[in-house]
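Participant: Compact mmCIF, C-alpha atoms, file data-v7.txt:
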```
# COMPACT_ATOMS: atom_id res chain seq x y z
CA MET A 1196 22.28 45.25 30.83
CA ASN A 1197 21.24 41.76 29.68
CA HIS A 1198 22.39 40.90 26.16
CA LEU A 1199 20.08 39.15 23.74
CA THR A 1200 20.53 35.39 23.78
CA ALA A 1201 21.58 33.45 20.68
CA GLU A 1202 18.09 31.99 20.62
CA ALA A 1203 16.50 35.43 20.72
CA LEU A 1204 18.72 36.63 17.86
CA ASN A 1205 17.86 33.57 15.76
CA MET A 1206 14.16 34.04 16.36
CA TYR A 1207 14.46 37.75 15.63
CA LEU A 1208 15.91 37.04 12.20
CA ASP A 1209 13.47 34.19 11.57
CA ASP A 1210 10.62 36.59 12.29
CA ALA A 1211 9.39 34.17 14.92
CA ILE A 1212 8.73 36.62 17.76
CA GLY A 1213 5.75 38.78 18.61
CA PRO A 1214 5.58 42.56 18.20
CA HIS A 1215 6.30 43.28 21.90
CA GLU A 1216 9.40 41.08 21.95
CA ARG A 1217 10.57 42.61 18.69
CA ALA A 1218 10.16 46.13 20.06
CA ALA A 1219 12.13 45.19 23.17
CA ALA A 1220 14.86 43.59 21.05
CA ASP A 1221 15.02 46.65 18.79
CA ALA A 1222 15.38 48.91 21.82
CA HIS A 1223 18.24 46.80 23.12
CA LEU A 1224 19.95 46.57 19.74
CA ALA A 1225 19.84 50.35 19.39
CA SER A 1226 22.04 50.73 22.42
CA CYS A 1227 24.21 47.57 22.31
CA ALA A 1228 26.99 47.30 19.74
CA ALA A 1229 27.90 43.76 20.83
CA CYS A 1230 24.40 42.43 20.11
CA ARG A 1231 24.28 44.35 16.84
CA GLY A 1232 27.55 42.68 15.84
CA GLU A 1233 26.19 39.27 16.75
CA LEU A 1234 23.02 39.91 14.76
CA ALA A 1235 25.03 41.10 11.74
CA ALA A 1236 27.23 38.00 11.82
CA LEU A 1237 24.16 35.76 11.96
CA HIS A 1238 22.58 37.72 9.14
CA ARG A 1239 25.68 37.24 6.98
CA LEU A 1240 25.42 33.50 7.55
CA PHE A 1241 21.75 33.52 6.51
CA ALA A 1242 22.63 35.42 3.34
CA ALA A 1243 25.51 33.09 2.52
CA ILE A 1244 23.29 30.02 2.89
CA GLU A 1245 20.45 31.44 0.86
CA GLU A 1246 22.71 32.70 -1.91
CA LEU A 1247 24.20 29.31 -2.58
CA PRO A 1248 23.58 28.92 -6.32
CA PRO A 1249 21.55 25.97 -7.57
CA ASP A 1250 23.40 23.04 -9.04
CA PRO A 1251 22.70 22.65 -12.78
CA LEU A 1252 20.34 19.74 -13.43
CA PRO A 1253 22.55 16.96 -14.86
CA ALA A 1254 19.78 15.26 -16.86
CA ASP A 1255 16.14 15.73 -17.80
CA LEU A 1256 13.96 13.56 -15.55
CA THR A 1257 10.69 13.84 -17.47
CA ALA A 1258 10.97 10.67 -19.58
CA GLN A 1259 12.06 8.48 -16.65
CA VAL A 1260 9.32 9.80 -14.37
CA LEU A 1261 6.64 9.28 -17.03
CA GLY A 1262 7.98 5.77 -17.66
CA ARG A 1263 7.72 4.95 -13.98
CA ILE A 1264 4.26 6.37 -13.45
CA ALA A 1265 3.02 4.46 -16.49
CA ARG A 1266 3.82 1.30 -14.52
CA ALA A 1267 2.81 2.77 -11.17
CA PRO A 1268 -0.69 2.89 -9.68
CA GLU A 1269 -2.85 5.84 -10.57
CA PRO A 1270 -3.03 8.84 -8.19
CA ARG A 1271 -4.30 8.02 -4.71
CA THR A 1272 -4.21 4.30 -5.26
CA THR A 1273 -1.70 1.78 -4.10
CA GLN A 1274 -0.67 -1.51 -5.65
CA ARG A 1275 -2.36 -3.48 -2.89
CA VAL A 1276 -5.79 -1.95 -3.25
CA SER A 1277 -5.76 -0.55 -6.78
CA ALA A 1278 -8.87 -2.43 -7.92
CA TRP A 1279 -10.90 -1.36 -4.90
CA GLU A 1280 -10.08 2.28 -4.32
CA PRO A 1281 -13.18 4.43 -4.83
CA ARG A 1282 -12.35 6.55 -7.86
CA GLN A 1283 -14.90 9.29 -7.31
CA ALA A 1284 -12.81 10.64 -4.43
CA THR A 1285 -9.78 11.10 -6.65
CA GLY A 1286 -11.58 13.10 -9.28
CA ASP A 1287 -10.54 10.48 -11.84
CA LYS A 1288 -13.44 10.05 -14.18
CA ARG A 1289 -11.79 7.63 -16.60
CA GLN A 1290 -13.45 4.37 -17.45
CA ASN A 1291 -11.59 1.50 -15.89
CA PRO A 1292 -11.95 -2.00 -17.35
CA GLN A 1293 -11.14 -3.72 -14.03
CA PRO A 1294 -14.27 -3.18 -11.87
CA ALA A 1295 -16.37 -5.85 -13.70
CA LEU A 1296 -13.74 -8.49 -13.17
CA ALA A 1297 -13.18 -7.33 -9.61
CA MET A 1298 -16.91 -7.53 -8.87
CA ALA A 1299 -17.11 -11.07 -10.28
CA ILE A 1300 -14.22 -12.16 -8.07
CA LEU A 1301 -15.89 -10.51 -5.09
CA ILE A 1302 -19.19 -12.37 -5.71
CA VAL A 1303 -17.39 -15.71 -6.05
CA GLN A 1304 -15.49 -15.01 -2.82
CA ILE A 1305 -18.69 -14.16 -0.94
CA ALA A 1306 -20.44 -17.28 -2.30
CA LEU A 1307 -17.52 -19.45 -1.23
CA THR A 1308 -17.50 -17.83 2.22
CA VAL A 1309 -21.21 -18.52 2.71
CA ALA A 1310 -21.00 -22.08 1.37
CA LEU A 1311 -18.03 -22.86 3.57
CA ALA A 1312 -19.77 -21.43 6.62
CA ILE A 1313 -22.96 -23.44 5.98
CA TRP A 1314 -21.00 -26.63 5.34
CA LEU A 1315 -18.72 -26.42 8.33
CA THR A 1316 -20.88 -24.76 10.94
CA PRO A 1317 -22.90 -27.79 12.19
CA GLN A 1318 -19.72 -29.74 12.90
CA LEU A 1319 -17.97 -26.77 14.49
CA VAL A 1320 -20.95 -25.84 16.61
CA GLY A 1321 -21.37 -29.43 17.77
CA VAL A 1322 -17.77 -29.83 18.80
CA VAL A 1323 -17.46 -26.43 20.46
CA LEU A 1324 -20.70 -26.75 22.41
CA ALA A 1325 -19.80 -30.28 23.49
CA ARG A 1326 -16.51 -29.02 24.89
CA LEU A 1327 -18.15 -26.09 26.63
CA GLY A 1328 -20.81 -28.39 28.04
CA ALA A 1329 -18.12 -30.66 29.45
CA LEU A 1330 -16.22 -27.78 31.04
CA ARG A 1331 -19.38 -26.61 32.73
CA LEU A 1332 -19.41 -29.74 34.91
CA PRO A 1333 -18.29 -28.94 38.45
CA THR A 1334 -16.64 -32.03 40.02
CA PRO A 1335 -13.58 -34.00 38.91
CA SER A 1336 -15.58 -37.20 38.51
CA ASP A 1337 -18.22 -35.42 36.46
CA LEU A 1338 -15.48 -33.81 34.41
CA MET A 1339 -13.85 -37.17 33.75
CA SER A 1340 -17.07 -38.78 32.63
CA ALA A 1341 -17.84 -35.75 30.45
CA LEU A 1342 -14.44 -36.00 28.82
CA ILE A 1343 -14.95 -39.69 28.15
CA GLU A 1344 -18.33 -38.94 26.65
CA LEU A 1345 -16.88 -36.05 24.64
CA SER A 1346 -14.08 -38.16 23.23
CA GLY A 1347 -16.64 -40.73 22.18
CA GLN A 1348 -18.72 -38.07 20.52
CA LEU A 1349 -15.72 -36.60 18.77
CA ALA A 1350 -14.66 -40.01 17.52
CA SER A 1351 -18.03 -40.54 15.94
CA ALA A 1352 -18.52 -36.93 14.77
CA GLY A 1353 -16.87 -37.32 11.39
CA ALA A 1354 -18.75 -40.47 10.42
CA ALA A 1355 -22.23 -40.08 11.84
CA PRO A 1356 -24.29 -36.99 10.93
CA SER A 1357 -27.22 -38.31 12.90
CA GLU A 1358 -25.02 -38.50 15.98
CA LEU A 1359 -23.95 -34.92 15.37
CA SER A 1360 -27.49 -33.67 15.12
CA ARG A 1361 -28.32 -35.62 18.29
CA ILE A 1362 -25.47 -33.85 20.12
CA GLY A 1363 -26.50 -30.52 18.67
CA GLY A 1364 -30.10 -31.11 19.68
CA ALA A 1365 -29.13 -32.13 23.19
CA LEU A 1366 -26.90 -29.14 23.67
CA SER A 1367 -29.34 -26.66 22.18
CA ALA A 1368 -31.29 -27.00 25.39
CA GLY A 1369 -28.34 -25.44 27.31
CA PRO A 1370 -27.62 -21.73 27.75
CA LEU A 1371 -25.31 -21.65 24.72
CA GLY A 1372 -27.76 -23.41 22.49
CA ALA A 1373 -30.01 -20.49 21.86
CA PHE A 1374 -29.33 -20.66 18.08
CA SER A 1375 -29.97 -23.51 15.71
CA ALA A 1376 -27.22 -24.84 13.44
CA VAL A 1377 -28.68 -22.93 10.48
CA GLN A 1378 -28.72 -19.72 12.52
CA TRP A 1379 -25.10 -20.30 13.49
CA ALA A 1380 -24.28 -20.80 9.81
CA MET A 1381 -25.93 -17.49 8.95
CA ILE A 1382 -24.09 -15.69 11.76
CA LEU A 1383 -20.72 -17.04 10.69
CA ALA A 1384 -21.40 -16.21 7.03
CA GLY A 1385 -22.32 -12.67 8.07
CA VAL A 1386 -19.16 -12.32 10.14
CA GLY A 1387 -17.14 -13.61 7.20
CA ILE A 1388 -18.63 -11.04 4.86
CA VAL A 1389 -18.12 -8.21 7.35
CA TRP A 1390 -14.53 -9.33 7.86
CA PHE A 1391 -13.99 -9.50 4.12
CA PHE A 1392 -15.30 -6.00 3.40
CA GLY A 1393 -13.76 -4.58 6.56
CA ASN A 1394 -10.31 -5.71 5.49
CA ARG A 1395 -10.80 -4.28 2.03
CA PHE A 1396 -11.75 -0.88 3.38
CA LEU A 1397 -9.05 -0.88 6.03
CA LEU A 1398 -6.43 -1.68 3.40
CA ALA A 1399 -7.83 0.96 1.10
CA GLY A 1400 -7.70 3.63 3.82
CA SER A 1401 -4.42 3.00 5.57
CA PRO A 1402 -1.83 3.85 2.87
CA GLU A 1403 -3.71 7.04 2.12
CA ARG A 1404 -3.59 8.21 5.71
CA ARG A 1405 0.05 7.27 6.02
CA GLY A 1406 0.88 9.23 2.87
CA ASN A 1407 -0.91 12.30 4.11
CA HIS A 1408 0.97 12.29 7.38
CA GLN A 1409 4.27 11.85 5.72
CA GLU A 1410 3.87 14.40 3.01
CA ALA A 1411 2.04 16.91 5.17
CA ALA A 1412 1.02 19.10 2.35
CA MET B 92 -5.20 19.92 -27.73
CA GLU B 93 -4.42 22.90 -25.55
CA SER B 94 -0.82 23.83 -24.94
CA LEU B 95 0.22 22.43 -21.60
CA ALA B 96 2.98 24.98 -21.23
CA ALA B 97 0.35 27.73 -21.04
CA LEU B 98 -1.50 26.14 -18.12
CA ALA B 99 -1.01 26.88 -14.43
CA ASP B 100 0.29 24.18 -12.11
CA HIS B 101 -3.08 23.52 -10.50
CA GLN B 102 -4.68 23.06 -13.93
CA LEU B 103 -2.00 20.53 -14.81
CA VAL B 104 -2.72 18.67 -11.56
CA THR B 105 -6.42 18.52 -12.44
CA LEU B 106 -5.65 17.26 -15.94
CA THR B 107 -3.32 14.61 -14.51
CA LEU B 108 -6.04 13.38 -12.20
CA ARG B 109 -8.35 13.10 -15.20
CA GLY B 110 -5.94 10.68 -16.80
CA ARG B 111 -3.48 12.89 -18.67
CA PRO B 112 0.05 11.79 -17.71
CA ASP B 113 1.49 14.25 -20.24
CA ALA B 114 0.19 17.03 -17.97
CA TYR B 115 2.26 15.55 -15.17
CA GLY B 116 5.21 15.51 -17.56
CA GLU B 117 4.85 19.27 -17.87
CA LEU B 118 4.86 19.61 -14.08
CA VAL B 119 8.05 17.53 -13.93
CA ARG B 120 9.69 19.72 -16.57
CA ARG B 121 8.83 22.86 -14.63
CA HIS B 122 9.92 21.72 -11.19
CA GLN B 123 12.65 19.15 -11.81
CA SER B 124 15.55 21.55 -11.38
CA ALA B 125 14.24 22.88 -8.05
CA ILE B 126 13.41 19.40 -6.79
CA TYR B 127 16.80 18.02 -7.83
CA ASN B 128 18.43 20.87 -5.89
CA VAL B 129 16.37 20.22 -2.76
CA VAL B 130 17.65 16.66 -2.76
CA TYR B 131 21.18 17.58 -3.81
CA ARG B 132 21.53 20.11 -0.97
CA LEU B 133 20.46 17.42 1.48
CA ILE B 134 22.56 14.50 0.27
CA GLY B 135 25.40 16.07 -1.73
CA ASP B 136 25.60 13.38 -4.41
CA ARG B 137 24.48 14.24 -7.94
CA GLN B 138 23.57 10.76 -9.18
CA GLU B 139 21.69 9.86 -6.00
CA ALA B 140 19.99 13.24 -6.11
CA LEU B 141 18.74 12.53 -9.65
CA ASP B 142 17.37 9.13 -8.60
CA LEU B 143 15.73 10.50 -5.46
CA ALA B 144 14.24 13.45 -7.35
CA GLN B 145 12.60 10.89 -9.64
CA ASP B 146 11.33 9.01 -6.59
CA ALA B 147 9.88 12.23 -5.20
CA PHE B 148 7.97 12.89 -8.44
CA VAL B 149 6.61 9.34 -8.49
CA ARG B 150 5.56 9.59 -4.83
CA ALA B 151 3.93 12.94 -5.47
CA TYR B 152 2.04 11.44 -8.41
CA SER B 153 0.66 8.67 -6.19
CA ALA B 154 -0.41 11.25 -3.59
CA LEU B 155 -1.69 13.77 -6.12
CA GLY B 156 -5.32 13.19 -5.15
CA SER B 157 -4.59 14.60 -1.69
CA PHE B 158 -3.03 17.78 -3.12
CA ASP B 159 -5.10 20.88 -2.48
CA THR B 160 -5.18 22.73 -5.80
CA ALA B 161 -5.80 26.01 -3.96
CA ARG B 162 -2.18 25.79 -2.79
CA GLN B 163 1.12 26.00 -4.63
CA PHE B 164 2.43 22.82 -6.22
CA GLY B 165 6.12 23.79 -5.89
CA PRO B 166 6.29 23.97 -2.08
CA TRP B 167 4.18 20.82 -1.80
CA ILE B 168 6.47 18.68 -3.92
CA SER B 169 9.55 20.32 -2.37
CA ARG B 170 8.47 18.98 1.00
CA ILE B 171 7.91 15.55 -0.47
CA ALA B 172 11.41 15.73 -1.95
CA ALA B 173 12.92 16.83 1.37
CA ASN B 174 11.22 13.95 3.15
CA THR B 175 12.33 11.51 0.46
CA ALA B 176 15.93 12.64 0.85
CA LEU B 177 15.76 12.60 4.64
CA ASN B 178 14.31 9.07 4.66
CA TRP B 179 17.12 7.99 2.37
CA LEU B 180 19.72 9.53 4.69
CA GLN B 181 18.19 7.84 7.71
CA ARG B 182 18.03 4.47 5.97
CA ARG B 183 21.61 4.70 4.83
CA ARG B 184 23.00 6.15 8.05
CA VAL B 185 26.17 7.06 6.22
CA PRO B 186 28.58 9.06 8.33
CA THR B 187 28.74 12.53 6.84
CA VAL B 188 32.23 13.52 5.80
CA PRO B 189 32.89 17.20 5.35
CA LEU B 190 34.35 18.16 2.03
CA ALA B 191 38.00 19.09 2.10
CA ARG B 192 38.86 22.78 1.96
CA ASN B 193 40.04 22.54 -1.63
CA SER B 194 37.25 20.27 -2.76
CA SER B 195 35.72 22.98 -4.93
CA LEU B 196 38.47 22.21 -7.44
CA SER B 197 36.87 18.83 -8.00
CA ASP B 198 33.34 20.13 -7.69
CA GLY B 199 33.10 20.86 -11.39
CA ASN B 200 30.89 23.83 -10.68
CA ILE B 201 33.25 26.65 -9.92
CA ALA B 202 32.01 28.86 -12.74
CA GLY B 203 28.41 28.43 -11.64
CA GLU B 204 29.23 29.20 -8.03
CA ALA B 205 31.35 32.17 -8.99
CA ASP B 206 28.51 33.78 -10.90
CA GLN B 207 26.96 35.02 -7.70
CA ASP B 208 29.94 36.44 -5.97
CA GLY B 209 30.19 38.51 -2.89
CA GLU B 210 28.07 37.58 0.10
CA LEU B 211 31.15 38.00 2.30
CA PRO B 212 33.57 40.90 1.85
CA LEU B 213 37.03 40.06 0.64
CA ALA B 214 40.21 42.10 0.88
CA ASP B 215 40.28 45.03 -1.54
CA ASP B 216 43.72 44.26 -2.83
CA THR B 217 42.59 40.88 -4.19
CA SER B 218 42.78 40.63 -7.96
CA GLU B 219 39.55 39.88 -9.82
CA PRO B 220 40.34 36.26 -10.87
CA GLU B 221 41.51 35.51 -7.36
CA ARG B 222 38.39 37.10 -5.94
CA VAL B 223 36.18 34.94 -8.13
CA TYR B 224 38.12 31.84 -7.16
CA LEU B 225 37.93 32.59 -3.43
CA ALA B 226 34.20 33.31 -3.59
CA ALA B 227 33.63 29.99 -5.36
CA GLU B 228 35.75 28.21 -2.81
CA ARG B 229 33.84 29.81 0.04
CA LYS B 230 30.54 28.65 -1.43
CA ALA B 231 31.86 25.13 -1.86
CA LEU B 232 33.04 25.27 1.73
CA LEU B 233 29.62 26.32 2.98
CA ARG B 234 27.97 23.61 0.91
CA GLY B 235 30.34 21.10 2.44
CA ALA B 236 29.69 22.44 5.93
CA ILE B 237 25.93 22.01 5.45
CA LEU B 238 26.48 18.47 4.23
CA ALA B 239 28.60 17.76 7.30
CA LEU B 240 25.65 18.55 9.58
CA PRO B 241 23.60 15.68 11.02
CA PRO B 242 20.68 14.87 8.67
CA HIS B 243 17.96 16.41 10.83
CA PHE B 244 19.96 19.63 11.22
CA ARG B 245 20.46 19.71 7.46
CA ALA B 246 16.73 19.20 6.92
CA VAL B 247 15.70 22.12 9.12
CA VAL B 248 18.25 24.37 7.39
CA GLU B 249 16.83 23.31 4.02
CA LEU B 250 13.21 23.90 5.04
CA ARG B 251 13.89 27.21 6.80
CA HIS B 252 16.38 28.83 4.44
CA PHE B 253 15.48 27.38 1.04
CA GLN B 254 11.79 26.63 1.40
CA ASP B 255 11.03 29.52 3.75
CA LEU B 256 8.86 27.49 6.12
CA SER B 257 7.94 28.72 9.59
CA TYR B 258 9.02 26.76 12.68
CA GLU B 259 5.51 25.29 12.94
CA GLU B 260 5.47 24.21 9.30
CA ILE B 261 8.88 22.58 9.68
CA ALA B 262 7.66 20.68 12.76
CA VAL B 263 4.67 19.34 10.80
CA THR B 264 6.71 18.49 7.70
CA LEU B 265 9.38 16.57 9.61
CA GLY B 266 7.05 15.22 12.28
CA ILE B 267 9.16 16.60 15.13
CA ALA B 268 8.44 18.84 18.12
CA LEU B 269 8.57 22.62 17.78
CA SER B 270 11.27 22.75 20.45
CA ASP B 271 13.37 20.32 18.36
CA VAL B 272 12.96 22.52 15.30
CA LYS B 273 14.40 25.47 17.21
CA SER B 274 17.21 23.57 18.85
CA HIS B 275 18.20 21.82 15.58
CA LEU B 276 18.14 25.08 13.66
CA PHE B 277 20.07 27.15 16.22
CA ARG B 278 22.67 24.45 16.74
CA ALA B 279 23.03 23.91 12.99
CA ARG B 280 23.72 27.63 12.49
CA ARG B 281 26.17 27.66 15.36
CA MET B 282 28.01 24.72 13.82
CA LEU B 283 28.09 26.39 10.39
CA ARG B 284 29.44 29.63 11.84
CA ASP B 285 32.07 27.82 13.86
CA ARG B 286 33.16 25.86 10.85
CA LEU B 287 33.40 28.89 8.57
CA GLU B 288 35.26 30.88 11.21
CA GLN B 289 37.66 28.02 11.72
CA GLU B 290 38.34 27.83 7.98
CA ASN B 291 38.81 31.60 7.96
CA LYS B 292 41.50 31.33 10.60
CA GLU B 293 43.19 28.61 8.59
CA GLY B 294 43.68 31.10 5.81
CA ILE B 295 41.04 31.52 3.19
```
Transcribe the structure of this file into structure tokens.

Facilitator:
Amino acid sequence: MNHLTAEALNMYLDDAIGPHERAAADAHLASCAACRGELAALHRLFAAIEELPPDPLPADLTAQVLGRIARAPEPRTTQRVSAWEPRQATGDKRQNPQPALAMAILIVQIALTVALAIWLTPQLVGVVLARLGALRLPTPSDLMSALIELSGQLASAGAAPSELSRIGGALSAGPLGAFSAVQWAMILAGVGIVWFFGNRFLLAGSPERRGNHQEAA
Amino acid sequence: MESLAALADHQLVTLTLRGRPDAYGELVRRHQSAIYNVVYRLIGDRQEALDLAQDAFVRAYSALGSFDTARQFGPWISRIAANTALNWLQRRRVPTVPLARNSSLSDGNIAGEADQDGELPLADDTSEPERVYLAAERKALLRGAILALPPHFRAVVELRHFQDLSYEEIAVTLGIALSDVKSHLFRARRMLRDRLEQENKEGI
């Protein structure tokens, strides 16, 4: 006769076995004093653990907790993203004075991003396309002459806008010059805005997901 | 203003989310003793348990928007408290030292422990005061034996025996495999039994 394993006895008491296994265990227990003794000993341990009396609470926590949450972010927000978290999802209908200020900062940031992109793009496009154009040359002698030309162009890039537009114009005929400088500026501004909002939403979402995993309600 | 004490937990959660921190204060008042005990059973230090119970309430407040009001608040925050205590244990990595056999004398809680006497039979010829004392000592011993378990073993004992979670729920709460839940739990019980039997032989 095979005795019940320690695992089987644990699962029996934890009510973690199916009806067929339980019936089989019951049948065995009815005829096996050793297994009944084992089960009784385990049951006494369970009872002893669960009857441990609670420790009296040494101090009331209410005031400290309320003090801390007064300084803490509101439910479902985090300190990093508190101004941006959509409040409708939390069920919090309170008026918050921060969104107007936050929106103003957002508009200024977008304007700066666009202005910076428009201002810098012609120079960046010129330099990058010039380099790519040089690398496209196949032979060492061609490469050398391209590099010499490129270094000359780079040296004059900061001081001569007309030179820059000449380079840009020349390169726009190549395969990478499908967009004008203004179009490049628009593309970069768009990418900047997407990046900006994308980061905001990613930051807003990540602590929430982490919290849910951890707390596993 | 309605009396907060008359409201159910889920109503207090809703009020809190609408900007009433005093409603959360009522939830703290109701559950603080249970939450303190979850932490105390896991770490065995009263002052740290008070601090970590506070942390658990603050964490729960931050996550309150994700709480499903169709469920019970008590078990939800108990799991947060268990995780808070377990994280603390893992950060600290303090070697667990079992309480000495006579440590109940310094436990300061003998009367409280003695109130619920009798889970294990004692000799009939024991006088009543002695019986009370031995029962208290046995409880202190068991508490010490639980605290001497490795933190993950302690956590599964807490979640299974005090929070009545199934194996699957324990696996989700602690983020461990189902097979680990079983092996931690069975080994923890084996260790507790061995320890209590050993103390028995030594003459309690």

Participant: So which residues fall inside 12 Å of (13.6, 41.7, 24.1) if we count all atoms listed in the file? Mind giving them as a ChimeraX atom specification?

Facilitator: /A:1196-1204,1206-1207,1212-1225,1230

Participant: What's the separation between CA of Arg278 in chain B and CA of Gly165 in chain B, in Å to one decimal place?

Facilitator: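 Going from CA of Arg278 in chain B over to CA of Gly165 in chain B covers 28.0 Å.
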
Participant: In Å, how far is it from CA of Arg183 in chain B to CA of Pro242 in chain B?

Facilitator: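 Between these atoms lies a distance of 10.9 Å.
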
Participant: Counting all atoms listed in the file, what is within 9 Å of Leu180 in chain B, bar same-chain residues fewer than 5 positions away, as number ranges by chain?

Facilitator: B: 133-134, 175, 185, 242

Participant: Give me the residues within 9 Å of Arg286 in chain B as a PyMOL selection string, counting only C-alpha atoms and dropping any in the same chain fewer than 5 places off.

Facilitator: chain B and resi 233+236+281+291

Participant: List every residue of chain B that has an atom at most 7 Å from any atom of chain A, giving for each one its closest atom pair and the distance in Å to one decimal, counting only C-alpha atoms, sorted by chain and then by ascending residue number, as a tab-separated table.

Facilitator:
```
residue	atom	partner	partner_atom	distance
B:Leu108	CA	A:Asp1287	CA	5.4
B:Arg109	CA	A:Asp1287	CA	4.8
B:Gly110	CA	A:Arg1289	CA	6.6
B:Gly116	CA	A:Thr1257	CA	5.7
B:Val119	CA	A:Thr1257	CA	5.8
B:Arg120	CA	A:Thr1257	CA	6.0
B:Gln123	CA	A:Leu1256	CA	6.9
B:Ser124	CA	A:Leu1252	CA	5.5
B:Tyr127	CA	A:Leu1252	CA	6.8
B:Asn128	CA	A:Pro1249	CA	6.2
B:Gln145	CA	A:Val1260	CA	5.9
B:Phe148	CA	A:Val1260	CA	6.8
B:Val149	CA	A:Ile1264	CA	6.2
B:Tyr152	CA	A:Pro1270	CA	5.7
B:Ser153	CA	A:Pro1270	CA	4.2
B:Ala154	CA	A:Arg1271	CA	5.2
B:Leu155	CA	A:Pro1270	CA	5.5
B:Gly156	CA	A:Thr1285	CA	5.1
B:Phe158	CA	A:Ala1412	CA	6.9
B:Trp167	CA	A:Ala1412	CA	5.5
B:Arg170	CA	A:Glu1410	CA	6.8
B:Ile171	CA	A:Glu1410	CA	5.5
B:Glu204	CA	A:Pro1248	CA	5.9
B:Glu210	CA	A:Ala1243	CA	5.7
B:Lys230	CA	A:Leu1247	CA	6.5
B:His252	CA	A:Glu1245	CA	6.0
B:Phe253	CA	A:Glu1245	CA	6.4
B:Val263	CA	A:Ala1411	CA	6.7
B:Thr264	CA	A:Ala1411	CA	5.5
B:Phe277	CA	A:Asn1205	CA	6.8
```

Participant: How would the residues just chosen look if you wrote them out with C-alpha atoms as an mmCIF file, in the coordinates of the input?

Facilitator:
```cif
data_model
loop_
_atom_site.group_PDB
_atom_site.id
_atom_site.type_symbol
_atom_site.label_atom_id
_atom_site.label_comp_id
_atom_site.auth_asym_id
_atom_site.auth_seq_id
_atom_site.Cartn_x
_atom_site.Cartn_y
_atom_site.Cartn_z
ATOM 1 C CA LEU B 108 -6.040 13.380 -12.200
ATOM 2 C CA ARG B 109 -8.350 13.100 -15.200
ATOM 3 C CA GLY B 110 -5.940 10.680 -16.800
ATOM 4 C CA GLY B 116 5.210 15.510 -17.560
ATOM 5 C CA VAL B 119 8.050 17.530 -13.930
ATOM 6 C CA ARG B 120 9.690 19.720 -16.570
ATOM 7 C CA GLN B 123 12.650 19.150 -11.810
ATOM 8 C CA SER B 124 15.550 21.550 -11.380
ATOM 9 C CA TYR B 127 16.800 18.020 -7.830
ATOM 10 C CA ASN B 128 18.430 20.870 -5.890
ATOM 11 C CA GLN B 145 12.600 10.890 -9.640
ATOM 12 C CA PHE B 148 7.970 12.890 -8.440
ATOM 13 C CA VAL B 149 6.610 9.340 -8.490
ATOM 14 C CA TYR B 152 2.040 11.440 -8.410
ATOM 15 C CA SER B 153 0.660 8.670 -6.190
ATOM 16 C CA ALA B 154 -0.410 11.250 -3.590
ATOM 17 C CA LEU B 155 -1.690 13.770 -6.120
ATOM 18 C CA GLY B 156 -5.320 13.190 -5.150
ATOM 19 C CA PHE B 158 -3.030 17.780 -3.120
ATOM 20 C CA TRP B 167 4.180 20.820 -1.800
ATOM 21 C CA ARG B 170 8.470 18.980 1.000
ATOM 22 C CA ILE B 171 7.910 15.550 -0.470
ATOM 23 C CA GLU B 204 29.230 29.200 -8.030
ATOM 24 C CA GLU B 210 28.070 37.580 0.100
ATOM 25 C CA LYS B 230 30.540 28.650 -1.430
ATOM 26 C CA HIS B 252 16.380 28.830 4.440
ATOM 27 C CA PHE B 253 15.480 27.380 1.040
ATOM 28 C CA VAL B 263 4.670 19.340 10.800
ATOM 29 C CA THR B 264 6.710 18.490 7.700
ATOM 30 C CA PHE B 277 20.070 27.150 16.220
#
```

Participant: Enter the distance from CA of Arg245 in chain B to CA of Ser157 in chain B, in Å, rounded to one decimal.

Facilitator: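 Taking CA of Arg245 in chain B as the start and CA of Ser157 in chain B as the end point, the length is 27.2 Å.
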
Participant: Excluding Leu1307 in chain A and any residue of its chain fewer than 6 positions from it, enumerate the residues within 10 Å of it, using only C-alpha atoms, and give them as a VMD selection string.

Facilitator: chain A and resid 1301 1313 1384

Participant: Measuring between all atoms listed in the file, which one of B:Leu287, B:Leu256, B:Ala262, B:Val129 shows the shortest distance to Arg229 in chain B?

Facilitator: B:Leu287

Participant: Kindly provide, as JSON, the centre and edge lengths (Å, one decimal) of an axis-aligned box around all atoms of range 223-230 of chain B given in the file, with 4 Å on each side.

Facilitator:
```
{"center_x": 34.3, "center_y": 31.6, "center_z": -4.0, "size_x": 15.6, "size_y": 14.7, "size_z": 16.2}
```

Participant: Can you put N, CA and C atoms back into range 255-260 of chain B and show it as an mmCIF file, keeping the file's coordinate frame?

Facilitator:
```cif
data_model
loop_
_atom_site.group_PDB
_atom_site.id
_atom_site.type_symbol
_atom_site.label_atom_id
_atom_site.label_comp_id
_atom_site.auth_asym_id
_atom_site.auth_seq_id
_atom_site.Cartn_x
_atom_site.Cartn_y
_atom_site.Cartn_z
ATOM 1 N N ASP B 255 11.652 28.400 3.049
ATOM 2 C CA ASP B 255 11.030 29.520 3.750
ATOM 3 C C ASP B 255 9.828 29.094 4.599
ATOM 4 N N LEU B 256 9.946 27.945 5.245
ATOM 5 C CA LEU B 256 8.860 27.490 6.120
ATOM 6 C C LEU B 256 9.028 28.076 7.516
ATOM 7 N N SER B 257 7.893 28.262 8.201
ATOM 8 C CA SER B 257 7.940 28.720 9.590
ATOM 9 C C SER B 257 8.348 27.535 10.488
ATOM 10 N N TYR B 258 8.669 27.830 11.744
ATOM 11 C CA TYR B 258 9.020 26.760 12.680
ATOM 12 C C TYR B 258 7.895 25.720 12.749
ATOM 13 N N GLU B 259 6.655 26.215 12.810
ATOM 14 C CA GLU B 259 5.510 25.290 12.940
ATOM 15 C C GLU B 259 5.393 24.408 11.702
ATOM 16 N N GLU B 260 5.571 25.002 10.534
ATOM 17 C CA GLU B 260 5.470 24.210 9.300
ATOM 18 C C GLU B 260 6.589 23.171 9.219
#
```
